[in-house]
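Text of the file my_file-v7.txt, holding compact mmCIF, C-alpha atoms:
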# COMPACT_ATOMS: atom_id res chain seq x y z
CA MET A 1 53.08 154.80 48.54
CA ALA A 2 50.40 152.56 49.93
CA ALA A 3 53.04 150.68 51.83
CA LYS A 4 54.33 153.88 53.38
CA LYS A 5 50.89 154.98 54.42
CA SER A 6 50.00 151.73 56.08
CA ALA A 7 53.38 151.68 57.74
CA ARG A 8 52.66 155.07 59.25
CA ARG A 9 49.28 153.83 60.34
CA ALA A 10 50.89 150.75 61.79
CA ALA A 11 53.36 152.89 63.71
CA LYS A 12 50.50 154.51 65.60
CA THR A 13 48.92 151.22 66.57
CA LYS A 14 49.91 149.81 69.93
CA THR A 15 49.81 146.07 70.48
CA SER A 16 47.80 144.70 73.33
CA PRO A 17 48.00 141.03 74.31
CA SER A 18 44.46 140.50 73.05
CA GLN A 19 45.36 141.89 69.64
CA ARG A 20 48.34 139.64 69.44
CA ALA A 21 46.16 136.57 69.38
CA SER A 22 44.03 137.90 66.55
CA LYS A 23 45.10 139.26 63.16
CA PRO A 24 48.12 141.41 63.93
CA LYS A 25 47.61 145.07 63.03
CA ASP A 26 51.05 146.36 63.91
CA VAL A 27 52.85 144.44 61.21
CA THR A 28 53.08 145.38 57.59
CA PRO A 29 50.51 143.48 55.55
CA HIS A 30 52.61 143.43 52.38
CA LEU A 31 54.55 140.25 52.96
CA LEU A 32 55.72 138.73 49.69
CA ARG A 33 53.47 135.83 48.77
CA ALA A 34 53.88 132.39 47.25
CA GLY A 35 54.60 132.56 43.52
CA THR A 36 56.74 135.70 43.81
CA LYS A 37 60.37 135.66 42.73
CA ALA A 38 62.45 136.08 45.89
CA PRO A 39 64.44 139.33 45.59
CA ASP A 40 68.18 138.63 45.64
CA PHE A 41 70.33 140.24 48.30
CA THR A 42 73.84 140.19 49.69
CA LEU A 43 74.35 140.64 53.41
CA ARG A 44 77.22 140.16 55.81
CA SER A 45 77.27 136.96 57.82
CA THR A 46 80.52 137.73 59.65
CA PRO A 47 82.72 140.83 59.81
CA ASP A 48 84.61 139.68 56.70
CA GLN A 49 82.15 137.43 54.86
CA SER A 50 79.05 138.09 52.81
CA VAL A 51 76.30 135.75 51.70
CA SER A 52 74.12 136.18 48.62
CA LEU A 53 70.78 134.48 48.27
CA SER A 54 71.68 133.47 44.69
CA GLU A 55 74.46 131.23 46.06
CA PHE A 56 71.77 128.82 47.24
CA ARG A 57 70.18 128.37 43.82
CA GLY A 58 69.37 124.71 43.19
CA ARG A 59 68.25 123.90 46.72
CA PRO A 60 65.33 125.00 48.88
CA VAL A 61 66.00 127.95 51.16
CA ILE A 62 64.29 128.87 54.40
CA LEU A 63 64.50 132.58 55.19
CA ALA A 64 63.69 133.28 58.81
CA PHE A 65 63.38 137.00 59.50
CA TYR A 66 63.23 137.68 63.24
CA PRO A 67 63.17 140.83 65.35
CA ALA A 68 66.37 140.59 67.36
CA ASP A 69 69.12 138.42 68.80
CA TRP A 70 69.06 137.53 72.50
CA SER A 71 65.40 136.76 73.06
CA PRO A 72 64.70 134.39 75.99
CA THR A 73 66.14 130.93 75.46
CA CYS A 74 63.47 128.34 76.08
CA GLY A 75 60.85 129.88 73.84
CA ASP A 76 63.38 131.01 71.30
CA GLN A 77 62.57 130.50 67.65
CA LEU A 78 66.18 130.11 66.51
CA ALA A 79 67.01 127.61 69.25
CA LEU A 80 64.12 125.55 67.95
CA TYR A 81 65.27 125.77 64.32
CA ASN A 82 68.76 124.82 65.44
CA GLU A 83 67.32 121.59 66.84
CA VAL A 84 65.17 120.91 63.78
CA LEU A 85 68.09 121.58 61.40
CA PRO A 86 68.74 117.87 60.60
CA GLU A 87 65.12 117.64 59.44
CA PHE A 88 65.51 120.68 57.19
CA GLN A 89 68.67 119.12 55.78
CA ARG A 90 66.76 115.98 54.85
CA TYR A 91 65.08 118.21 52.28
CA ASN A 92 68.50 119.60 51.34
CA ALA A 93 67.20 122.98 52.50
CA ALA A 94 69.44 125.81 53.67
CA LEU A 95 68.31 127.83 56.66
CA ILE A 96 69.21 131.51 56.92
CA GLY A 97 68.35 133.79 59.83
CA ILE A 98 68.06 137.54 59.19
CA SER A 99 67.68 140.40 61.63
CA VAL A 100 68.75 144.04 61.84
CA ASP A 101 71.46 143.20 64.38
CA GLY A 102 75.07 143.84 63.35
CA VAL A 103 77.66 141.17 62.59
CA TRP A 104 79.40 141.36 65.97
CA CYS A 105 76.12 140.95 67.77
CA HIS A 106 75.26 137.98 65.53
CA ALA A 107 78.70 136.45 66.18
CA ALA A 108 78.29 136.64 69.95
CA TYR A 109 74.71 135.39 69.85
CA SER A 110 75.47 132.55 67.47
CA LYS A 111 78.36 131.41 69.66
CA ALA A 112 76.38 131.66 72.89
CA ARG A 113 73.46 129.67 71.48
CA ASN A 114 75.60 127.23 69.53
CA LEU A 115 73.75 127.95 66.29
CA HIS A 116 74.68 125.87 63.25
CA PHE A 117 73.28 128.09 60.50
CA PRO A 118 74.19 131.58 59.26
CA LEU A 119 72.71 134.78 60.68
CA LEU A 120 72.77 137.69 58.28
CA ALA A 121 73.01 141.32 59.32
CA ASP A 122 70.30 143.45 57.68
CA PHE A 123 72.09 146.33 59.29
CA GLU A 124 73.03 148.99 56.76
CA PRO A 125 70.83 150.37 55.38
CA LYS A 126 68.85 149.09 58.29
CA GLY A 127 66.17 146.55 57.46
CA ALA A 128 66.53 147.03 53.68
CA VAL A 129 66.12 143.33 52.92
CA ALA A 130 63.27 142.90 55.38
CA LYS A 131 61.57 145.83 53.62
CA MET A 132 62.00 144.15 50.21
CA TYR A 133 60.25 141.08 51.56
CA GLY A 134 57.52 143.09 53.27
CA ALA A 135 58.67 141.85 56.65
CA TYR A 136 59.85 145.10 58.23
CA THR A 137 57.91 146.53 61.15
CA PRO A 138 58.58 150.28 61.28
CA SER A 139 56.84 150.82 64.62
CA VAL A 140 59.61 148.90 66.37
CA GLY A 141 62.41 149.34 63.84
CA MET A 142 62.88 145.60 63.46
CA SER A 143 61.79 142.83 61.17
CA GLY A 144 58.66 140.92 62.04
CA ARG A 145 58.76 137.15 62.47
CA ALA A 146 58.42 136.35 58.79
CA LEU A 147 59.15 132.98 57.26
CA PHE A 148 59.74 132.18 53.59
CA VAL A 149 60.35 128.85 51.92
CA LEU A 150 61.97 129.21 48.48
CA ASP A 151 62.30 126.50 45.87
CA GLY A 152 65.55 125.73 44.06
CA LYS A 153 64.74 128.32 41.40
CA GLY A 154 64.43 131.10 43.94
CA THR A 155 60.65 131.39 43.86
CA ILE A 156 58.77 131.88 47.10
CA ARG A 157 56.58 128.83 47.66
CA TRP A 158 55.31 129.63 51.14
CA SER A 159 55.38 132.66 53.40
CA TYR A 160 54.04 133.32 56.85
CA LEU A 161 54.06 136.26 59.21
CA SER A 162 53.74 135.50 62.89
CA PRO A 163 52.75 138.13 65.45
CA MET A 164 55.90 139.71 66.91
CA GLY A 165 55.60 138.02 70.30
CA VAL A 166 54.65 134.59 69.01
CA ASN A 167 57.19 131.95 68.05
CA PRO A 168 55.81 130.50 64.78
CA GLY A 169 57.37 127.08 65.38
CA ALA A 170 58.66 124.88 62.57
CA ASP A 171 55.58 122.90 61.55
CA GLY A 172 54.68 125.31 58.72
CA ILE A 173 58.21 125.20 57.30
CA LEU A 174 58.29 121.40 57.36
CA ALA A 175 54.90 121.17 55.66
CA ALA A 176 56.09 123.58 52.94
CA LEU A 177 59.32 121.64 52.40
CA GLU A 178 57.39 118.40 52.25
CA ALA A 179 55.03 119.78 49.59
CA LEU A 180 58.03 121.08 47.65
CA GLY A 181 59.83 117.74 47.89
CA GLN A 182 56.84 115.78 46.64
CA GLU A 183 56.39 118.16 43.74
CA THR A 184 60.06 118.08 42.78
CA ARG A 185 60.13 114.29 42.93
CA SER A 186 57.11 113.83 40.69
CA ALA A 187 58.32 116.51 38.28
CA ALA A 188 61.80 114.98 38.11
CA ARG A 189 60.56 111.47 37.37
CA PRO A 190 59.97 111.71 33.58
CA ALA A 191 63.36 113.31 33.04
CA ALA A 192 65.23 110.91 35.29
CA GLY A 193 68.95 110.97 34.71
CA ALA A 194 68.81 114.40 33.17
CA ALA A 195 68.13 116.25 36.41
CA PRO A 196 71.45 117.73 37.52
CA ARG A 197 70.32 118.31 41.10
CA ARG A 198 67.77 115.99 42.55
CA PRO A 199 66.50 116.45 46.08
CA VAL A 200 68.89 114.75 48.44
CA PRO A 201 66.95 112.64 50.93
CA ARG A 202 69.61 112.61 53.61
CA ALA A 203 71.77 115.39 54.95
CA GLU A 204 74.68 114.69 52.69
CA ARG A 205 75.89 118.20 52.49
CA PRO A 206 76.93 120.29 55.43
CA GLU A 207 74.90 123.40 56.08
CA ALA A 208 76.31 126.51 54.41
CA ARG A 209 78.15 128.67 56.89
CA MET B 1 45.03 125.46 64.88
CA SER B 2 47.68 123.29 66.53
CA ARG B 3 46.54 119.73 67.23
CA LEU B 4 48.55 117.02 68.82
CA THR B 5 50.07 114.47 66.41
CA PRO B 6 50.22 111.58 67.11
CA PRO B 7 47.58 111.13 69.82
CA PRO B 8 48.50 109.40 73.10
CA SER B 9 49.49 105.77 72.68
CA ALA B 10 51.26 102.93 74.46
CA ARG B 11 54.65 104.49 73.68
CA ASP B 12 53.82 107.40 75.97
CA HIS B 13 54.38 107.58 79.70
CA ALA B 14 51.06 108.24 81.38
CA ARG B 15 50.08 108.85 84.97
CA GLY B 16 46.37 108.61 85.80
CA PRO B 17 43.55 106.50 84.34
CA ALA B 18 43.57 105.82 80.59
CA ASP B 19 39.84 106.65 80.46
CA ALA B 20 40.17 109.96 82.33
CA PRO B 21 37.97 112.64 80.69
CA VAL B 22 40.97 114.98 80.39
CA THR B 23 44.47 114.20 79.18
CA LEU B 24 47.15 116.80 79.82
CA ILE B 25 50.30 116.37 77.75
CA GLU B 26 53.48 118.27 78.43
CA TYR B 27 56.37 118.63 76.02
CA GLY B 28 59.29 119.37 78.27
CA ASP B 29 63.04 119.62 78.69
CA TYR B 30 64.63 118.43 81.95
CA GLU B 31 67.13 121.28 81.95
CA CYS B 32 64.64 124.05 81.16
CA PRO B 33 63.97 126.33 84.14
CA TYR B 34 60.38 126.93 83.03
CA CYS B 35 59.74 123.20 82.90
CA ALA B 36 61.21 122.80 86.36
CA ALA B 37 58.86 125.57 87.52
CA ALA B 38 55.94 123.76 85.89
CA HIS B 39 56.81 120.46 87.59
CA PRO B 40 55.12 121.23 90.95
CA VAL B 41 52.24 122.86 89.03
CA VAL B 42 51.53 119.60 87.24
CA ALA B 43 51.73 117.72 90.54
CA ALA B 44 49.23 120.15 92.07
CA LEU B 45 46.89 119.69 89.11
CA GLU B 46 47.11 115.91 89.45
CA ARG B 47 46.17 116.22 93.13
CA ARG B 48 43.33 118.60 92.36
CA PHE B 49 41.73 116.63 89.53
CA GLY B 50 42.57 113.14 90.74
CA HIS B 51 41.15 110.35 88.58
CA ARG B 52 39.63 112.89 86.18
CA LEU B 53 43.09 113.74 84.84
CA ARG B 54 45.69 111.73 82.97
CA PHE B 55 49.12 113.28 82.57
CA ILE B 56 51.57 112.40 79.80
CA PHE B 57 55.12 113.67 79.43
CA ARG B 58 56.91 113.82 76.08
CA ASN B 59 60.51 114.89 75.56
CA PHE B 60 61.40 118.16 73.90
CA PRO B 61 65.08 118.74 74.73
CA LEU B 62 66.73 121.84 73.31
CA THR B 63 70.09 120.12 73.21
CA GLN B 64 72.14 122.99 71.81
CA VAL B 65 71.28 125.31 74.67
CA HIS B 66 70.84 122.67 77.38
CA PRO B 67 73.86 120.35 77.21
CA HIS B 68 72.46 117.76 79.65
CA ALA B 69 68.86 117.71 78.45
CA GLN B 70 69.29 114.92 75.92
CA HIS B 71 70.95 112.50 78.30
CA ALA B 72 68.46 113.33 81.03
CA ALA B 73 65.65 112.46 78.63
CA GLU B 74 67.35 109.24 77.56
CA ALA B 75 67.99 108.30 81.20
CA ALA B 76 64.30 108.75 82.04
CA GLU B 77 63.40 106.54 79.08
CA ALA B 78 65.87 103.92 80.29
CA ALA B 79 64.24 104.13 83.71
CA ALA B 80 60.87 103.64 82.04
CA HIS B 81 62.14 100.39 80.62
CA ALA B 82 62.84 99.34 84.21
CA GLY B 83 59.34 100.43 85.22
CA LYS B 84 60.52 103.57 87.03
CA PHE B 85 59.80 106.41 84.63
CA TRP B 86 57.90 108.68 86.99
CA GLU B 87 60.32 108.16 89.85
CA MET B 88 63.19 109.16 87.55
CA TYR B 89 61.19 112.04 86.04
CA ASP B 90 60.55 113.46 89.50
CA ALA B 91 64.14 112.94 90.61
CA ILE B 92 65.57 114.72 87.57
CA PHE B 93 63.20 117.69 87.74
CA GLU B 94 63.88 118.08 91.44
CA HIS B 95 67.60 118.36 90.69
CA ARG B 96 67.59 120.32 87.45
CA ASN B 97 70.97 121.89 88.16
CA ALA B 98 72.74 118.58 88.78
CA ILE B 99 72.08 116.26 85.89
CA THR B 100 75.44 115.16 84.59
CA ASP B 101 75.65 111.50 83.52
CA ARG B 102 77.05 110.69 86.93
CA ASP B 103 74.18 112.47 88.69
CA LEU B 104 71.67 110.61 86.51
CA ALA B 105 73.20 107.26 87.47
CA GLY B 106 72.97 108.36 91.11
CA TYR B 107 69.25 109.15 90.79
CA ALA B 108 68.74 105.76 89.17
CA ALA B 109 70.26 104.10 92.20
CA ARG B 110 68.06 106.21 94.44
CA VAL B 111 64.86 105.13 92.65
CA GLY B 112 65.94 101.49 92.75
CA ILE B 113 67.53 100.87 89.35
CA ASP B 114 70.99 99.49 88.71
CA PRO B 115 72.97 102.61 87.68
CA ALA B 116 74.69 100.52 85.00
CA VAL B 117 71.34 100.27 83.19
CA ILE B 118 71.41 104.03 82.77
CA THR B 119 75.09 104.42 81.90
CA ASP B 120 74.90 101.58 79.36
CA ALA B 121 71.78 103.03 77.73
CA LEU B 122 73.42 106.46 77.50
CA ALA B 123 76.60 105.01 76.00
CA ALA B 124 74.64 102.99 73.43
CA HIS B 125 72.13 105.82 72.71
CA THR B 126 69.45 103.19 73.20
CA TYR B 127 66.66 105.70 73.69
CA ALA B 128 67.95 108.53 71.50
CA ALA B 129 65.53 107.65 68.70
CA HIS B 130 62.56 107.59 71.07
CA VAL B 131 63.49 111.02 72.42
CA ARG B 132 63.88 112.39 68.88
CA GLU B 133 60.49 110.93 67.91
CA ASP B 134 58.95 112.75 70.85
CA PHE B 135 60.73 115.93 69.80
CA MET B 136 59.62 115.75 66.17
CA SER B 137 56.04 114.93 67.15
CA GLY B 138 56.16 118.15 69.15
CA VAL B 139 57.55 120.13 66.23
CA ARG B 140 54.84 118.73 63.95
CA SER B 141 52.21 119.59 66.56
CA GLY B 142 53.33 123.22 66.70
CA VAL B 143 55.45 123.09 69.85
CA SER B 144 57.82 126.03 69.67
CA GLY B 145 59.29 126.09 73.16
CA THR B 146 59.10 124.43 76.54
CA PRO B 147 57.00 123.68 78.38
CA THR B 148 54.11 123.33 75.94
CA PHE B 149 50.88 121.75 77.11
CA PHE B 150 48.07 120.10 75.18
CA ILE B 151 44.69 119.57 76.81
CA ASN B 152 42.72 116.80 75.11
CA GLY B 153 44.82 117.31 72.01
CA ASN B 154 44.47 121.09 71.81
CA LYS B 155 47.49 123.30 72.29
CA TYR B 156 47.23 125.41 75.42
CA ASP B 157 48.62 128.93 75.06
CA GLY B 158 47.95 130.35 78.52
CA ASP B 159 50.13 130.76 81.61
CA TYR B 160 51.67 127.79 83.43
CA ASP B 161 50.22 128.41 86.88
CA VAL B 162 47.82 126.13 88.71
CA GLY B 163 44.94 128.62 88.37
CA SER B 164 45.21 129.16 84.62
CA LEU B 165 45.90 125.56 83.68
CA GLY B 166 43.26 124.41 86.18
CA ASP B 167 40.65 126.68 84.56
CA ALA B 168 41.52 125.27 81.15
CA ILE B 169 41.19 121.72 82.46
CA ASP B 170 37.87 122.65 84.06
CA GLY B 171 36.76 123.90 80.65
CA ALA B 172 37.77 120.63 79.02
CA LEU B 173 35.93 118.68 81.73
CA ALA B 174 32.80 120.72 81.12
CA ALA B 175 33.07 120.08 77.40
CA SER B 176 33.62 116.33 77.80
Using structure tokens, write down the structure from this file.
Amino acid sequence: MAAKKSARRAAKTKTSPSQRASKPKDVTPHLLRAGTKAPDFTLRSTPDQSVSLSEFRGRPVILAFYPADWSPTCGDQLALYNEVLPEFQRYNAALIGISVDGVWCHAAYSKARNLHFPLLADFEPKGAVAKMYGAYTPSVGMSGRALFVLDGKGTIRWSYLSPMGVNPGADGILAALEALGQETRSAARPAAGAAPRRPVPRAERPEAR
Amino acid sequence: MSRLTPPPSARDHARGPADAPVTLIEYGDYECPYCAAAHPVVAALERRFGHRLRFIFRNFPLTQVHPHAQHAAEAAEAAAHAGKFWEMYDAIFEHRNAITDRDLAGYAARVGIDPAVITDALAAHTYAAHVREDFMSGVRSGVSGTPTFFINGNKYDGDYDVGSLGDAIDGALAAS
């Protein structure tokens, strides 16, 4: 109920460039926080394929919610992540992009930008997964720029909501993965040999498609 | 929030005095139209501030959207090894739409380097690691697109015109 109310309030608020720099008011403030179990979901990645979050259990996952495909190239968040991908893979992390665009739109966009990670269509019911994660922005009918880093057990370890017009970069994701890696390594040490899945230092596995 | 890591060092290409009160760093991509647009802006700022400004360029190629950006960056690094970084940097930015390997070798010849130096370095990926180091330092420093400028280590989020950047540099001069 509270979420609905604030969403309605948010819908009335217009963004001005000066507001963008400060605490954003037009985005929902109920982003899921660190320590929360990441809600599972299944979404289409292509017209005939679906991806479930639970498939990635055992490795870190980066969920990158973004407003829409086809934003300008040079400042584009996904183009950046595409370049940083080998670094994410060093932490054995899977990167997943999610927006409300449909699968055909994602397919064309992914091909045009040469993206090497899956884009999921949060298309029907529109924005349902973004809503579960508190990332949906009703005033524009799209997801905000919300980032989540999940550990191998599917718990959110870091989340961040960037103002709609601001590319959040990748430094926060890398810092979160680094913290996660250090923790996993020190936790795994006493039970060496028993750990079925240790963090893989190099990109030994291809990114899930 | 975003601070430059690592700070300027001998591995960087710098134009202007090392003890200038203001250091302007650009993370750029030779095939990016916005970087090409910023190229004359930087030149104008260097003219305006003279010895009070040092300019450093670091590579931030978005290789998956700009197919020639990586080789252009590596070619400029190879030119740096021959003491001609800035000549090559200017030549590449002035011809952003013609930067195939062959074009790059041609610019090398024009700035007085044996084109084979460039083609060999590209074939051997001699400077690929240096370019990637630049790129990752940018990522770690909060660079999310190109061009991104840092003024005395602080990320600049304003417009890329001479007036706006000049005002920011004036501010840094006043603070120094």
I'd like the interatomic distance between atom CA of B:Trp86 and atom CA of A:Leu80, to a tenth of an Å.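 Taking atom CA of B:Trp86 and atom CA of A:Leu80, their separation equals 26.2 Å.
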Could you pull the residues within 10 Å of B:Asp90, counting only C-alpha atoms, minus those fewer than 4 positions along the same chain, as a ChimeraX atom specification? /B:30,36,39-40,43,76,85-86,94-95,107,111
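Note that the spacing between atom CA of A:Thr155 and atom CA of B:Gly142 amounts to 25.3 Å.
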Figure out the distance between atom CA of A:Val51 and atom CA of A:Ala112, please, to one decimal in Å.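 Going from atom CA of A:Ala112 over to atom CA of A:Val51 covers 21.6 Å.
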Using only C-alpha atoms, can you tell me which of A:Trp70, A:Phe65, A:Tyr133, A:Tyr81 comes closest to A:Tyr109?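 Using only C-alpha atoms, the shortest distance to A:Tyr109 belongs to A:Trp70.
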Residues at most 6 Å from stretch 159-175 of chain A, counting all atoms listed in the file, excluding those fewer than 6 positions away in the same chain, as a short mmCIF file (atom, residue, chain, number, x, y, z; two decimals) with C-alpha atoms, keeping the file's coordinate frame?
data_model
loop_
_atom_site.label_atom_id
_atom_site.label_comp_id
_atom_site.auth_asym_id
_atom_site.auth_seq_id
_atom_site.Cartn_x
_atom_site.Cartn_y
_atom_site.Cartn_z
CA PRO A 24 48.12 141.41 63.93
CA ARG A 33 53.47 135.83 48.77
CA GLN A 77 62.57 130.50 67.65
CA GLY A 144 58.66 140.92 62.04
CA ARG A 145 58.76 137.15 62.47
CA ALA A 146 58.42 136.35 58.79
CA LEU A 147 59.15 132.98 57.26
CA PHE A 148 59.74 132.18 53.59
CA VAL B 139 57.55 120.13 66.23
CA ARG B 140 54.84 118.73 63.95
CA GLY B 142 53.33 123.22 66.70
CA SER B 144 57.82 126.03 69.67
#
Find the spatial neighbours of B:Val41, counting only C-alpha atoms, within a cut-off of 10 Å - ignore same-chain residues fewer than 5 positions away - and output them as a ChimeraX atom specification. /B:35-36,46-47,160-163,165-166
Selection from above, C-alpha atoms, as a PDB file, in the frame of the given file, can you write it?
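Written out: selection.pdb:
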ATOM      1  CA  CYS B  35      59.740 123.200  82.900  1.00  0.00           C
ATOM      2  CA  ALA B  36      61.210 122.800  86.360  1.00  0.00           C
ATOM      3  CA  GLU B  46      47.110 115.910  89.450  1.00  0.00           C
ATOM      4  CA  ARG B  47      46.170 116.220  93.130  1.00  0.00           C
ATOM      5  CA  TYR B 160      51.670 127.790  83.430  1.00  0.00           C
ATOM      6  CA  ASP B 161      50.220 128.410  86.880  1.00  0.00           C
ATOM      7  CA  VAL B 162      47.820 126.130  88.710  1.00  0.00           C
ATOM      8  CA  GLY B 163      44.940 128.620  88.370  1.00  0.00           C
ATOM      9  CA  LEU B 165      45.900 125.560  83.680  1.00  0.00           C
ATOM     10  CA  GLY B 166      43.260 124.410  86.180  1.00  0.00           C
TER      11      GLY B 166
END
8 Å contacts from chain B to chain A using all atoms listed in the file, as a list of chain:residue names: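 That gives the following set of residues: B:Cys32, B:Tyr34, B:Leu62, B:Thr63, B:Gln64, B:Val65, B:Met136, B:Val139, B:Arg140, B:Ser141, B:Gly142, B:Val143, B:Ser144, B:Gly145, B:Thr146.
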Contacts of A:Leu150 within 9 Å, all atoms listed in the file, excl. fewer than 2 positions in-chain, as a PyMOL selection string: chain A and resi 34+37-38+59-63+148+152-159+177
Test item: which residues lie within 9 Å of (78.6, 142.0, 65.0) counting all atoms listed in the file, as a ChimeraX atom specification: /A:45-47,101-108,121
Based on the selection just made, write C-alpha atoms of those residues as a PDB file, in the coordinates of the input.
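In the end it all went to result01.pdb:
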ATOM      1  CA  SER A  45      77.270 136.960  57.820  1.00  0.00           C
ATOM      2  CA  THR A  46      80.520 137.730  59.650  1.00  0.00           C
ATOM      3  CA  PRO A  47      82.720 140.830  59.810  1.00  0.00           C
ATOM      4  CA  ASP A 101      71.460 143.200  64.380  1.00  0.00           C
ATOM      5  CA  GLY A 102      75.070 143.840  63.350  1.00  0.00           C
ATOM      6  CA  VAL A 103      77.660 141.170  62.590  1.00  0.00           C
ATOM      7  CA  TRP A 104      79.400 141.360  65.970  1.00  0.00           C
ATOM      8  CA  CYS A 105      76.120 140.950  67.770  1.00  0.00           C
ATOM      9  CA  HIS A 106      75.260 137.980  65.530  1.00  0.00           C
ATOM     10  CA  ALA A 107      78.700 136.450  66.180  1.00  0.00           C
ATOM     11  CA  ALA A 108      78.290 136.640  69.950  1.00  0.00           C
ATOM     12  CA  ALA A 121      73.010 141.320  59.320  1.00  0.00           C
TER      13      ALA A 121
END
